[in-house]
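Source file: protein30.txt. Holds: compact mmCIF, C-alpha atoms.
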```txt
# COMPACT_ATOMS: atom_id res chain seq x y z
CA MET L 24 119.85 108.90 76.00
CA LYS L 25 122.81 106.61 75.24
CA ILE L 26 125.70 106.56 77.71
CA LYS L 27 128.17 107.98 75.15
CA GLU L 28 125.88 110.96 74.58
CA LEU L 29 125.84 111.72 78.31
CA GLN L 30 129.57 111.70 78.90
CA ASN L 31 130.40 115.18 77.55
CA LYS L 32 127.22 116.94 78.65
CA LYS L 33 126.73 119.62 81.26
CA ILE L 34 124.23 117.87 83.54
CA ALA L 35 122.12 119.03 86.48
CA ILE L 36 120.59 116.67 89.04
CA LEU L 37 117.32 118.16 90.24
CA TRP L 38 116.75 117.19 93.89
CA PHE L 39 119.26 115.16 95.84
CA TRP L 40 117.08 112.53 97.47
CA LYS L 41 117.55 108.78 97.10
CA GLU L 42 117.25 108.79 93.32
CA GLY L 43 119.34 111.94 92.92
CA GLN L 44 122.14 110.37 94.94
CA GLY L 45 121.98 107.28 92.74
CA SER L 46 122.08 109.46 89.62
CA LEU L 47 125.26 111.16 90.87
CA ARG L 48 126.94 107.80 91.47
CA PHE L 49 126.00 106.65 87.98
CA LEU L 50 127.18 109.83 86.22
CA GLN L 51 130.53 109.72 88.00
CA LYS L 52 130.89 106.05 87.13
CA ILE L 53 130.49 106.77 83.40
CA GLY L 54 132.96 109.65 83.52
CA VAL L 55 130.73 112.73 83.45
CA THR L 56 132.68 115.63 85.01
CA ASP L 57 130.40 118.65 84.62
CA ILE L 58 127.71 117.87 87.20
CA THR L 59 125.71 120.27 89.37
CA VAL L 60 123.27 119.22 92.09
CA LEU L 61 120.22 121.47 92.56
CA ASP L 62 118.13 121.32 95.72
CA ALA L 63 116.19 123.70 97.95
CA ASN L 64 117.81 122.13 101.02
CA PRO L 65 121.47 122.33 102.07
CA ILE L 66 123.72 119.51 100.80
CA ALA L 67 126.81 118.34 102.63
CA ASP L 68 129.76 116.11 101.74
CA ILE L 69 129.54 115.85 97.95
CA ASP L 70 132.43 116.41 95.58
CA VAL L 71 130.51 118.23 92.82
CA THR L 72 129.06 121.73 92.51
CA SER L 73 125.76 122.27 94.31
CA ILE L 74 123.26 125.13 94.26
CA THR L 75 120.77 125.28 97.11
CA GLY L 76 118.26 127.67 98.63
CA GLU L 77 115.54 129.73 97.01
CA SER L 78 117.48 130.35 93.76
CA TYR L 79 118.37 126.72 93.03
CA MET L 80 116.24 126.63 89.85
CA ASP L 81 117.15 130.09 88.51
CA ASP L 82 119.71 129.04 85.85
CA LEU L 83 118.28 125.86 84.28
CA ALA L 84 118.99 127.17 80.78
CA ILE L 85 122.76 126.62 81.13
CA TYR L 86 122.49 122.82 81.35
CA ASP L 87 122.41 120.38 78.42
CA CYS L 88 120.40 117.81 80.41
CA ILE L 89 118.50 117.82 83.68
CA ILE L 90 118.00 114.53 85.53
CA LYS L 91 114.73 115.14 87.31
CA THR L 92 113.57 113.08 90.27
CA PRO L 93 110.14 111.58 89.40
CA GLY L 94 108.47 113.24 92.38
CA ILE L 95 108.96 116.72 90.89
CA THR L 96 106.14 117.79 88.58
CA PRO L 97 107.38 119.20 85.25
CA PHE L 98 104.34 121.50 85.09
CA GLN L 99 105.79 124.09 87.47
CA GLU L 100 106.16 127.53 85.91
CA LYS L 101 109.94 127.52 86.35
CA LEU L 102 110.33 124.05 84.85
CA GLU L 103 107.86 124.15 81.94
CA PRO L 104 110.28 125.89 79.47
CA TYR L 105 112.92 123.19 80.04
CA ARG L 106 110.86 120.02 79.70
CA GLY L 107 112.80 119.13 76.56
CA LYS L 108 115.98 118.89 78.63
CA PHE L 109 114.56 116.44 81.20
CA ILE L 110 115.86 112.92 81.38
CA SER L 111 115.49 110.37 84.16
CA GLN L 112 116.99 107.17 85.47
CA THR L 113 114.09 105.37 83.79
CA SER L 114 114.79 106.87 80.34
CA ILE L 115 118.55 106.22 80.68
CA PHE L 116 117.87 102.61 81.63
CA PHE L 117 115.54 101.91 78.71
CA ALA L 118 117.93 103.58 76.23
CA ASN L 119 120.82 101.35 77.31
CA TYR L 120 119.28 98.03 78.38
CA THR L 121 118.56 95.55 75.59
CA TRP L 122 117.02 92.57 77.38
CA LYS L 123 113.33 91.85 78.05
CA VAL L 124 111.40 94.22 80.32
CA ILE L 125 107.91 93.63 81.74
CA ALA L 126 106.37 96.96 82.74
CA ILE L 127 103.40 97.18 85.11
CA THR L 128 101.36 100.23 86.03
CA GLY L 129 98.02 101.15 87.57
CA THR L 130 96.65 103.37 90.29
CA LYS L 131 96.00 100.32 92.45
CA GLY L 132 97.45 96.82 92.49
CA LYS L 133 100.66 97.37 90.52
CA SER L 134 102.92 96.47 93.47
CA THR L 135 100.99 93.27 94.18
CA ILE L 136 101.04 92.21 90.51
CA SER L 137 104.75 93.06 90.19
CA THR L 138 105.77 91.17 93.32
CA LEU L 139 103.58 88.14 92.63
CA LEU L 140 104.90 87.92 89.07
CA TYR L 141 108.47 88.21 90.37
CA GLU L 142 107.88 85.31 92.78
CA CYS L 143 106.33 83.20 90.00
CA LEU L 144 109.20 83.73 87.57
CA LYS L 145 111.73 82.95 90.30
CA GLU L 146 109.81 79.77 91.07
CA ALA L 147 110.07 78.89 87.37
CA TRP L 148 113.89 79.27 87.60
CA TYR L 149 114.16 82.44 85.54
CA ASN L 150 116.88 84.96 86.32
CA VAL L 151 114.62 87.91 87.16
CA LYS L 152 114.90 91.31 88.84
CA LEU L 153 112.19 93.54 90.35
CA VAL L 154 112.87 97.29 90.04
CA GLY L 155 111.19 100.67 89.84
CA ASN L 156 108.57 102.29 92.00
CA ILE L 157 108.62 99.41 94.47
CA GLY L 158 112.33 99.42 95.30
CA LYS L 159 115.66 101.14 94.82
CA PRO L 160 116.40 103.42 91.83
CA VAL L 161 116.93 101.32 88.73
CA LEU L 162 120.51 102.44 88.01
CA ASP L 163 121.48 101.28 91.51
CA GLU L 164 119.86 97.92 90.84
CA ILE L 165 120.97 97.10 87.30
CA ASP L 166 124.57 97.37 86.06
CA ILE L 167 123.91 98.61 82.53
CA LEU L 168 127.62 99.46 82.14
CA GLY L 169 128.57 95.84 82.68
CA ASN L 170 125.71 94.73 80.42
CA GLU L 171 124.14 92.85 83.33
CA GLU L 172 121.74 90.33 81.85
CA TYR L 173 118.46 88.98 83.18
CA ASP L 174 115.82 86.82 81.56
CA TYR L 175 113.26 89.42 82.62
CA ILE L 176 113.26 92.76 84.38
CA ILE L 177 109.95 93.48 86.10
CA TYR L 178 109.57 97.26 86.22
CA GLU L 179 106.84 98.73 88.39
CA MET L 180 106.17 102.11 86.79
CA SER L 181 104.49 105.14 88.33
CA SER L 182 102.69 107.86 86.40
CA TYR L 183 105.56 110.18 87.31
CA MET L 184 108.00 107.90 85.46
CA LEU L 185 105.67 107.62 82.47
CA GLN L 186 104.91 111.32 82.04
CA ASP L 187 106.49 112.31 78.67
CA PHE L 188 108.07 108.84 78.33
CA GLU L 189 107.00 105.79 76.31
CA PRO L 190 109.12 102.75 77.30
CA GLN L 191 110.04 99.99 74.87
CA THR L 192 108.84 96.81 76.59
CA TYR L 193 108.38 93.11 75.96
CA ILE L 194 105.12 92.95 77.96
CA SER L 195 103.15 95.84 79.47
CA VAL L 196 100.36 95.41 82.01
CA PHE L 197 97.82 98.21 82.49
CA ASN L 198 95.79 97.49 85.61
CA ASN L 199 93.59 100.53 86.23
CA VAL L 200 93.40 104.29 86.50
CA TYR L 201 91.48 106.28 89.11
CA ARG L 202 91.51 109.91 90.11
CA CYS L 203 94.90 110.36 91.77
CA HIS L 204 98.00 112.61 91.69
CA ILE L 205 95.99 115.39 90.06
CA ASP L 206 98.04 117.97 91.97
CA TRP L 207 101.14 116.62 90.17
CA HIS L 208 99.73 116.03 86.66
CA GLY L 209 97.25 118.88 86.58
CA SER L 210 94.23 116.89 85.36
CA LEU L 211 92.80 113.37 85.26
CA GLU L 212 93.24 113.33 81.48
CA VAL L 213 96.98 114.07 81.70
CA TYR L 214 97.38 111.49 84.47
CA THR L 215 95.54 108.85 82.41
CA GLN L 216 97.61 109.53 79.30
CA ALA L 217 100.80 109.19 81.32
CA LYS L 218 99.67 105.76 82.52
CA LEU L 219 98.72 104.71 78.98
CA ASN L 220 102.24 105.51 77.76
CA VAL L 221 103.24 102.12 79.16
CA LEU L 222 101.32 100.41 76.32
CA LYS L 223 102.51 102.39 73.31
CA ASN L 224 105.72 100.47 72.55
CA ALA L 225 104.84 97.10 74.09
CA GLN L 226 105.24 93.90 72.11
CA TYR L 227 102.44 92.33 74.16
CA LYS L 228 99.71 94.27 76.01
CA ILE L 229 97.66 92.91 78.89
CA ILE L 230 94.85 95.16 80.12
CA ASN L 231 92.26 95.13 82.87
CA SER L 232 88.97 94.55 81.05
CA GLU L 233 87.31 97.44 82.92
CA PHE L 234 89.61 99.85 81.08
CA GLN L 235 89.77 98.34 77.60
CA ASP L 236 88.20 101.48 76.11
CA LYS L 237 91.42 103.34 76.89
CA ALA L 238 93.65 101.05 74.80
CA SER L 239 94.23 100.52 71.09
CA GLY L 240 95.84 97.91 68.85
CA GLN L 241 96.07 94.25 69.77
CA TYR L 242 95.85 93.28 73.42
CA LYS L 243 94.54 90.65 75.81
CA LEU L 244 92.18 91.33 78.70
CA PHE L 245 91.99 90.07 82.24
CA GLY L 246 88.92 90.16 84.44
CA GLU L 247 85.45 88.68 84.27
CA TRP L 248 84.35 87.05 80.98
CA TRP L 249 87.68 87.67 79.19
CA HIS L 250 90.90 85.92 78.19
CA TYR L 251 92.17 85.62 81.75
CA ARG L 252 89.27 85.49 84.17
CA TYR L 253 88.02 84.50 87.60
CA GLN L 254 84.53 83.08 88.02
CA ASN L 255 82.87 80.92 90.65
CA LYS L 256 86.15 80.50 92.54
CA ILE L 257 88.03 79.24 89.48
CA PHE L 258 90.76 80.95 87.39
CA TYR L 259 90.54 80.40 83.62
CA ILE L 260 92.52 81.00 80.46
CA TRP L 261 89.70 81.29 77.96
CA ASP L 262 87.57 78.25 78.88
CA GLN L 263 90.40 76.17 80.30
CA GLU L 264 90.52 75.84 84.06
CA VAL L 265 93.89 76.91 85.45
CA LEU L 266 93.47 76.89 89.21
CA GLN L 267 90.80 76.52 91.85
CA ASP L 268 90.59 79.15 94.57
CA GLU L 269 91.69 77.02 97.50
CA ASN L 270 94.74 77.19 99.81
CA ILE L 271 95.48 80.71 98.50
CA LEU L 272 96.81 83.02 101.21
CA LEU L 273 96.25 86.23 99.23
CA GLU L 274 92.91 87.54 100.46
CA TRP L 275 90.10 89.73 99.07
CA GLU L 276 88.22 89.87 95.79
CA HIS L 277 90.27 92.60 94.09
CA ASN L 278 93.38 90.41 94.39
CA ARG L 279 91.63 87.72 92.31
CA LYS L 280 91.70 90.19 89.42
CA ASN L 281 95.36 90.95 90.15
CA ILE L 282 96.08 87.21 89.93
CA CYS L 283 94.33 87.15 86.53
CA GLY L 284 96.76 89.83 85.34
CA VAL L 285 99.69 87.71 86.49
CA ILE L 286 98.24 84.68 84.69
CA GLY L 287 98.14 86.77 81.50
CA VAL L 288 101.87 87.49 81.73
CA LEU L 289 102.76 83.90 82.61
CA ASP L 290 100.67 82.59 79.71
CA THR L 291 102.54 84.91 77.34
CA ILE L 292 105.91 83.67 78.62
CA PHE L 293 105.34 79.96 79.27
CA TRP L 294 103.06 78.67 76.50
CA ASP L 295 102.70 75.62 78.78
CA ILE L 296 99.58 75.46 80.92
CA SER L 297 100.82 72.65 83.16
CA ARG L 298 103.98 74.58 84.04
CA LEU L 299 101.93 77.72 84.67
CA GLN L 300 99.56 75.80 86.95
CA ARG L 301 102.40 74.25 88.95
CA VAL L 302 104.24 77.55 89.46
CA LEU L 303 101.16 79.59 90.31
CA LYS L 304 99.83 77.01 92.74
CA THR L 305 103.15 76.83 94.59
CA VAL L 306 103.58 80.60 94.88
CA LEU L 307 100.00 81.37 95.91
CA ARG L 308 100.22 78.87 98.75
CA GLY L 309 102.90 81.07 100.34
CA PHE L 310 102.20 84.61 99.12
CA SER L 311 99.99 86.53 101.55
CA GLY L 312 100.34 89.96 99.97
CA LEU L 313 102.31 93.12 100.64
CA PRO L 314 102.39 95.20 103.82
CA GLU L 315 99.99 98.14 104.09
CA ARG L 316 97.67 96.79 101.37
CA MET L 317 94.53 95.47 103.10
CA GLU L 318 96.90 93.67 105.44
CA ARG L 319 95.26 91.67 108.22
CA ILE L 320 97.01 92.67 111.45
CA GLY L 321 95.11 90.11 113.49
CA GLN L 322 92.01 89.56 115.57
CA TYR L 323 92.15 91.15 119.01
CA ASN L 324 89.34 91.23 121.56
CA GLY L 325 87.18 89.72 118.80
CA VAL L 326 87.86 92.62 116.40
CA THR L 327 89.74 92.13 113.12
CA PHE L 328 92.13 95.02 112.44
CA ILE L 329 93.03 95.70 108.79
CA ASN L 330 95.93 97.93 107.69
CA ASP L 331 95.31 99.59 104.32
CA ALA L 332 97.68 102.53 104.89
CA ILE L 333 98.67 102.61 101.21
CA ALA L 334 95.12 103.84 100.40
CA THR L 335 95.79 107.54 99.85
CA THR L 336 92.93 108.33 97.45
CA PRO L 337 89.12 108.17 97.82
CA GLU L 338 88.92 105.45 95.15
CA SER L 339 91.35 103.24 97.08
CA THR L 340 89.27 103.49 100.24
CA MET L 341 86.03 102.86 98.34
CA ALA L 342 87.59 99.64 97.03
CA ALA L 343 88.31 98.63 100.62
CA LEU L 344 84.73 99.45 101.67
CA LYS L 345 83.48 97.19 98.88
CA THR L 346 85.81 94.40 99.96
CA PHE L 347 84.75 94.33 103.61
CA GLU L 348 81.12 95.50 103.26
CA ASP L 349 78.81 94.33 106.08
CA ARG L 350 81.52 93.45 108.63
CA LEU L 351 83.17 96.87 108.43
CA GLN L 352 82.09 98.81 111.51
CA THR L 353 84.98 101.20 112.28
CA LEU L 354 86.96 103.30 109.81
CA PHE L 355 90.14 105.36 110.25
CA LEU L 356 89.98 108.20 107.71
CA TRP L 357 91.73 111.14 106.13
CA GLY L 358 94.92 113.14 106.36
CA GLU L 359 96.48 115.82 104.19
CA ASP L 360 94.00 117.72 102.00
CA SER L 361 95.14 117.08 98.41
CA TRP L 362 91.98 118.53 96.85
CA PHE L 363 90.35 115.21 96.09
CA ASP L 364 86.64 114.97 95.40
CA PHE L 365 85.26 113.06 98.42
CA SER L 366 81.58 113.33 97.51
CA GLU L 367 81.28 109.71 96.32
CA LEU L 368 83.17 108.40 99.34
CA ARG L 369 80.92 110.35 101.70
CA LYS L 370 77.90 108.83 99.97
CA LYS L 371 79.34 105.30 100.28
CA ILE L 372 80.05 105.80 103.99
CA LEU L 373 76.53 107.03 104.66
CA GLN L 374 75.09 104.05 102.76
CA SER L 375 77.29 101.53 104.58
CA ASN L 376 77.11 99.76 107.94
CA ILE L 377 80.00 101.85 109.29
CA GLN L 378 79.11 103.08 112.76
CA ASN L 379 82.40 104.56 114.00
CA ILE L 380 84.84 106.93 112.32
CA ILE L 381 88.27 108.09 113.51
CA THR L 382 89.19 111.27 111.62
CA PHE L 383 92.64 112.81 111.18
CA PRO L 384 93.18 116.38 109.99
CA ASP L 385 92.78 118.05 107.64
CA SER L 386 90.73 116.60 104.79
CA SER L 387 88.18 115.29 107.33
CA GLU L 388 86.95 118.83 107.92
CA LYS L 389 86.37 119.20 104.18
CA VAL L 390 84.21 116.08 103.92
CA PHE L 391 82.37 116.30 107.21
CA PRO L 392 82.34 120.01 108.06
CA GLU L 393 80.00 119.11 110.93
CA ILE L 394 82.94 117.82 112.98
CA THR L 395 84.60 121.23 113.26
CA TRP L 396 82.21 122.02 116.13
CA TYR L 397 83.86 119.37 118.30
CA TRP L 398 87.12 119.28 120.27
CA PHE L 399 89.98 116.94 119.42
CA ASP L 400 90.22 113.64 121.33
CA GLU L 401 86.67 113.79 122.62
CA ALA L 402 84.18 111.24 121.27
CA PHE L 403 80.90 112.57 119.91
CA GLU L 404 77.89 111.42 117.90
CA LEU L 405 77.01 112.97 114.54
CA ASP L 406 73.63 112.83 112.87
CA ILE L 407 74.45 113.18 109.16
CA GLU L 408 71.65 112.83 106.62
CA TRP L 409 69.68 110.57 109.00
CA LYS L 410 72.68 108.35 109.74
CA LYS L 411 74.15 108.35 113.24
CA VAL L 412 77.94 107.97 113.35
CA PHE L 413 80.09 107.89 116.47
CA CYS L 414 83.30 109.91 115.85
CA ILE L 415 86.53 111.17 117.27
CA ARG L 416 88.82 113.89 115.87
CA THR L 417 92.45 113.20 116.68
CA ARG L 418 96.06 113.67 115.67
CA SER L 419 97.05 110.63 117.72
CA MET L 420 97.00 107.08 116.35
CA GLN L 421 96.97 105.77 119.91
CA SER L 422 93.77 107.70 120.67
CA GLY L 423 92.22 106.39 117.46
CA VAL L 424 93.09 102.78 118.28
CA ASP L 425 91.74 103.14 121.83
CA PHE L 426 88.48 104.47 120.36
CA ALA L 427 88.30 101.54 117.91
CA TYR L 428 88.76 98.96 120.67
CA LYS L 429 86.08 100.60 122.79
CA HIS L 430 83.41 100.97 120.12
CA THR L 431 83.90 98.08 117.64
CA LYS L 432 81.83 95.02 118.44
CA PRO L 433 83.35 91.50 118.29
CA TRP L 434 83.43 89.74 114.90
CA ASN L 435 83.54 93.08 113.07
CA ILE L 436 86.34 94.93 111.28
CA ALA L 437 88.26 98.09 112.13
CA LEU L 438 89.94 99.40 108.98
CA LEU L 439 92.74 101.94 108.51
CA SER L 440 92.16 103.29 104.99
CA CYS L 441 92.53 107.05 105.01
CA ALA L 442 91.69 108.15 101.43
CA SER L 443 94.31 110.92 101.69
CA PRO L 444 98.10 111.26 101.95
CA SER L 445 99.54 110.99 105.44
CA PHE L 446 101.66 114.11 105.61
CA SER L 447 99.34 116.24 107.78
CA VAL L 448 100.30 114.01 110.75
CA TRP L 449 102.95 111.49 109.66
CA LYS L 450 106.13 111.53 107.58
CA SER L 451 104.80 108.78 105.31
CA TYR L 452 102.11 106.13 105.03
CA LYS L 453 104.66 103.59 106.31
CA VAL L 454 105.15 105.53 109.54
CA LYS L 455 101.36 105.73 109.90
CA ALA L 456 101.09 101.96 109.37
CA GLU L 457 103.83 101.21 111.89
CA GLU L 458 102.04 103.27 114.54
CA PHE L 459 98.72 101.58 113.76
CA LYS L 460 100.19 98.10 114.12
CA LYS L 461 102.13 99.04 117.26
CA TYR L 462 99.15 100.46 119.13
CA VAL L 463 96.75 97.71 118.00
CA LYS L 464 99.08 95.03 119.41
CA GLN L 465 100.00 97.07 122.47
CA LYS L 466 96.38 97.74 123.39
CA SER L 467 95.49 94.07 123.07
CA LYS L 468 97.94 93.25 125.90
CA ASP L 469 96.21 95.71 128.22
CA LEU L 470 92.76 94.13 127.85
```

Would you mind giving the structure from this file in structure tokens?
Amino acid sequence: MKIKELQNKKIAILWFWKEGQGSLRFLQKIGVTDITVLDANPIADIDVTSITGESYMDDLAIYDCIIKTPGITPFQEKLEPYRGKFISQTSIFFANYTWKVIAITGTKGKSTISTLLYECLKEAWYNVKLVGNIGKPVLDEIDILGNEEYDYIIYEMSSYMLQDFEPQTYISVFNNVYRCHIDWHGSLEVYTQAKLNVLKNAQYKIINSEFQDKASGQYKLFGEWWHYRYQNKIFYIWDQEVLQDENILLEWEHNRKNICGVIGVLDTIFWDISRLQRVLKTVLRGFSGLPERMERIGQYNGVTFINDAIATTPESTMAALKTFEDRLQTLFLWGEDSWFDFSELRKKILQSNIQNIITFPDSSEKVFPEITWYWFDEAFELDIEWKKVFCIRTRSMQSGVDFAYKHTKPWNIALLSCASPSFSVWKSYKVKAEEFKKYVKQKSKDL
């Protein structure tokens, strides 16, 4: 919606978290006077009308527009009749920003691709901004009133942002889609279609070759045997060698495919292979990846500790199992039960070399019901389908780390990759990661 169309509307802000607060600042800046904030929780110190408590969504019909925080599913019974009124910071931004936007989405890897691309374009002396799911709300970051201009905006887009919205982009990157956020979207099909919305109005489309069957029209593919590919430790554009895999800090095989996606965007922008090679080589020498994404904490007492706290779905953890394979001996697993299907993950664990499992409530009981016979914080051995696994049930990261130090043999890996959201024990995956890193380093000093 254009800014002029917003100015005389009666507008509700649904939920007053970080994005809701930014939406209020923006609406007041453009001169909107009829604003109401709606939230289940009490709100203090704001100079507009607020409705809180159990009845905060009872009168949605009276508003012309409702700015909905992305984290709220529109499929709730109370919200479904008003979906036509929903707008968002994302839709406002795209309606009022006229410069080039590169949109990136995927269940996994979108933050790494977005950040790596941002670093590459900065290295190439472009005026570039990284916004969206990875940082602050977009209307706090970009001054669309002052017509703030960038060569490129890199917009990391979640499925929540893309539900019922098809952005107009210069380049769109579709990395992957796995079973995730089904509680929000209602089904895998709806979730997938939301992700695919990123491609519908893109001038250029760059797609992970594993998922090309989900796209239409003209596009380029990245992955093995395609336009942008990685084979035998070499990155290619078609048959032309771009870069050898040496002196690259970014670890693990899945990140090679992420780099191929970045090469696809750079090739679309630069049209100069030598410049692309120079920029990519420089950035990859210093880019080691993002925190909480298969992050190497260090080697202590001979054991390598890996922090993959961002892995909050079974598919994410299975990707980590594939990455570390034979050296993975100890696994920290589970958290809040979000009704995922863990059957394939259970099978992978039982087929792997994993010998030790630290389980957090409450999805662990769903996958390994055998553990419910045992007390918390007491180690025990399980015999599951002819595989013996040494386990501990705990709500304490410190207890889990102590167990990992005691039972992981030198030159092996202990991996935090929980396959579930963190909220059954921690406020967020970042809090979980901070505790993991703290106790790993603290324990090493006691040995």

Env of Met341 of chain L: 10 Å cut, atoms = all atoms listed in the file, seq-sep filter 5 positions within chain, self excluded. Answer as a VMD selection string. chain L and resid 334 336 346 367 to 369 371 to 372 440 442

Name the residues within 12 Å of (95.4, 103.0, 84.0), counting all atoms listed in the file in the file's coordinates, and put them as a ChimeraX atom specification. /L:127-133,180-182,185,195-203,211-222,229-238

Looking at L:Glu276, L:Lys455, L:Cys143, L:Pro314, which one is nearest to Trp357 of chain L, with distances taken over all atoms listed in the file?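 For Trp357 of chain L, the nearest of the candidates is L:Lys455.
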
Gap from atom CA of Ser339 of chain L to atom CA of Gly158 of chain L - Å, one decimal: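 Going from atom CA of Ser339 of chain L over to atom CA of Gly158 of chain L, I get 21.4 Å.
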
Axis-aligned box over every listed atom of segment 153-166 of chain L, padded by 3 Å per side: centre and edges in Å to one decimal, as lines of an AutoDock Vina configuration file?
```
center_x = 116.6
center_y = 98.5
center_z = 90.7
size_x = 22.0
size_y = 15.9
size_z = 15.2
```

Once you count only C-alpha atoms, which residues end up no further than 9 Å from (120.5, 119.4, 90.6) in the file's frame, shown as a ChimeraX atom specification? /L:34-39,43,58-62,73-75,79-80,89-91

Quick one: write out the picked residues with C-alpha atoms as a PDB file, in the coordinates of the input?
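Output (selection-v1.pdb):
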```pdb
ATOM      1  CA  ILE L  34     124.230 117.870  83.540  1.00  0.00           C
ATOM      2  CA  ALA L  35     122.120 119.030  86.480  1.00  0.00           C
ATOM      3  CA  ILE L  36     120.590 116.670  89.040  1.00  0.00           C
ATOM      4  CA  LEU L  37     117.320 118.160  90.240  1.00  0.00           C
ATOM      5  CA  TRP L  38     116.750 117.190  93.890  1.00  0.00           C
ATOM      6  CA  PHE L  39     119.260 115.160  95.840  1.00  0.00           C
ATOM      7  CA  GLY L  43     119.340 111.940  92.920  1.00  0.00           C
ATOM      8  CA  ILE L  58     127.710 117.870  87.200  1.00  0.00           C
ATOM      9  CA  THR L  59     125.710 120.270  89.370  1.00  0.00           C
ATOM     10  CA  VAL L  60     123.270 119.220  92.090  1.00  0.00           C
ATOM     11  CA  LEU L  61     120.220 121.470  92.560  1.00  0.00           C
ATOM     12  CA  ASP L  62     118.130 121.320  95.720  1.00  0.00           C
ATOM     13  CA  SER L  73     125.760 122.270  94.310  1.00  0.00           C
ATOM     14  CA  ILE L  74     123.260 125.130  94.260  1.00  0.00           C
ATOM     15  CA  THR L  75     120.770 125.280  97.110  1.00  0.00           C
ATOM     16  CA  TYR L  79     118.370 126.720  93.030  1.00  0.00           C
ATOM     17  CA  MET L  80     116.240 126.630  89.850  1.00  0.00           C
ATOM     18  CA  ILE L  89     118.500 117.820  83.680  1.00  0.00           C
ATOM     19  CA  ILE L  90     118.000 114.530  85.530  1.00  0.00           C
ATOM     20  CA  LYS L  91     114.730 115.140  87.310  1.00  0.00           C
TER      21      LYS L  91
END
```

Of the candidates L:Leu289, L:Ile125, L:Ile95, L:Met420, which shows the shortest atom-to-atom distance to Met184 of chain L, using all atoms listed in the file? L:Ile95

Could you check the closest approach to Arg350 of chain L for each of L:Trp362, L:Asn435, L:Lys228, L:Ile26 and tell me which residue wins, using all atoms listed in the file? L:Asn435

State, in Å with one decimal place, the distance from atom CA of Tyr178 of chain L to atom CA of Gly155 of chain L. 5.2 Å

What's the separation between atom CA of Thr113 of chain L and atom CA of Ser137 of chain L, in Å to one decimal place?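 Computed distance, atom CA of Thr113 of chain L to atom CA of Ser137 of chain L, equals 16.7 Å.
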
For segment 49-51 of chain L, work out the shell of residues within 12 Å, counting all atoms listed in the file and skipping chain neighbours fewer than 6 positions away, then give it as a PyMOL selection string. chain L and resi 26-36+42-43+57-60+69-71+88+90+111-112+115-116+160-168

Pick the closest to Phe117 of chain L from L:Ala342, L:Ile66, L:Leu144, L:Met24: which is it, counting only C-alpha atoms?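 Result for the nearest residue to Phe117 of chain L: L:Met24.
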
If we count all atoms listed in the file and set the cut-off at 12 Å, which residues sit around Phe383 of chain L, ignoring sequence neighbours fewer than 4 positions away in its own chain? Please answer as JSON, numbers by chain. {"L": [354, 355, 356, 357, 358, 359, 360, 387, 388, 389, 390, 391, 394, 395, 399, 400, 414, 415, 416, 417, 418, 419, 420, 422, 423, 439, 440, 441, 442, 443, 444, 445, 446, 447, 448, 449, 455]}

From the list L:Glu264, L:Asp290, L:Asp364, L:Glu318, which residue is nearest Ala343 of chain L when using all atoms listed in the file?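 The answer is L:Glu318, which sits nearest to Ala343 of chain L.
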
Nearest to Lys280 of chain L by atom-to-atom distance, counting only C-alpha atoms, from L:Ile436, L:Ile136, L:Leu313, L:Ile85: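 Of all the options, L:Ile136 lies closest to Lys280 of chain L.
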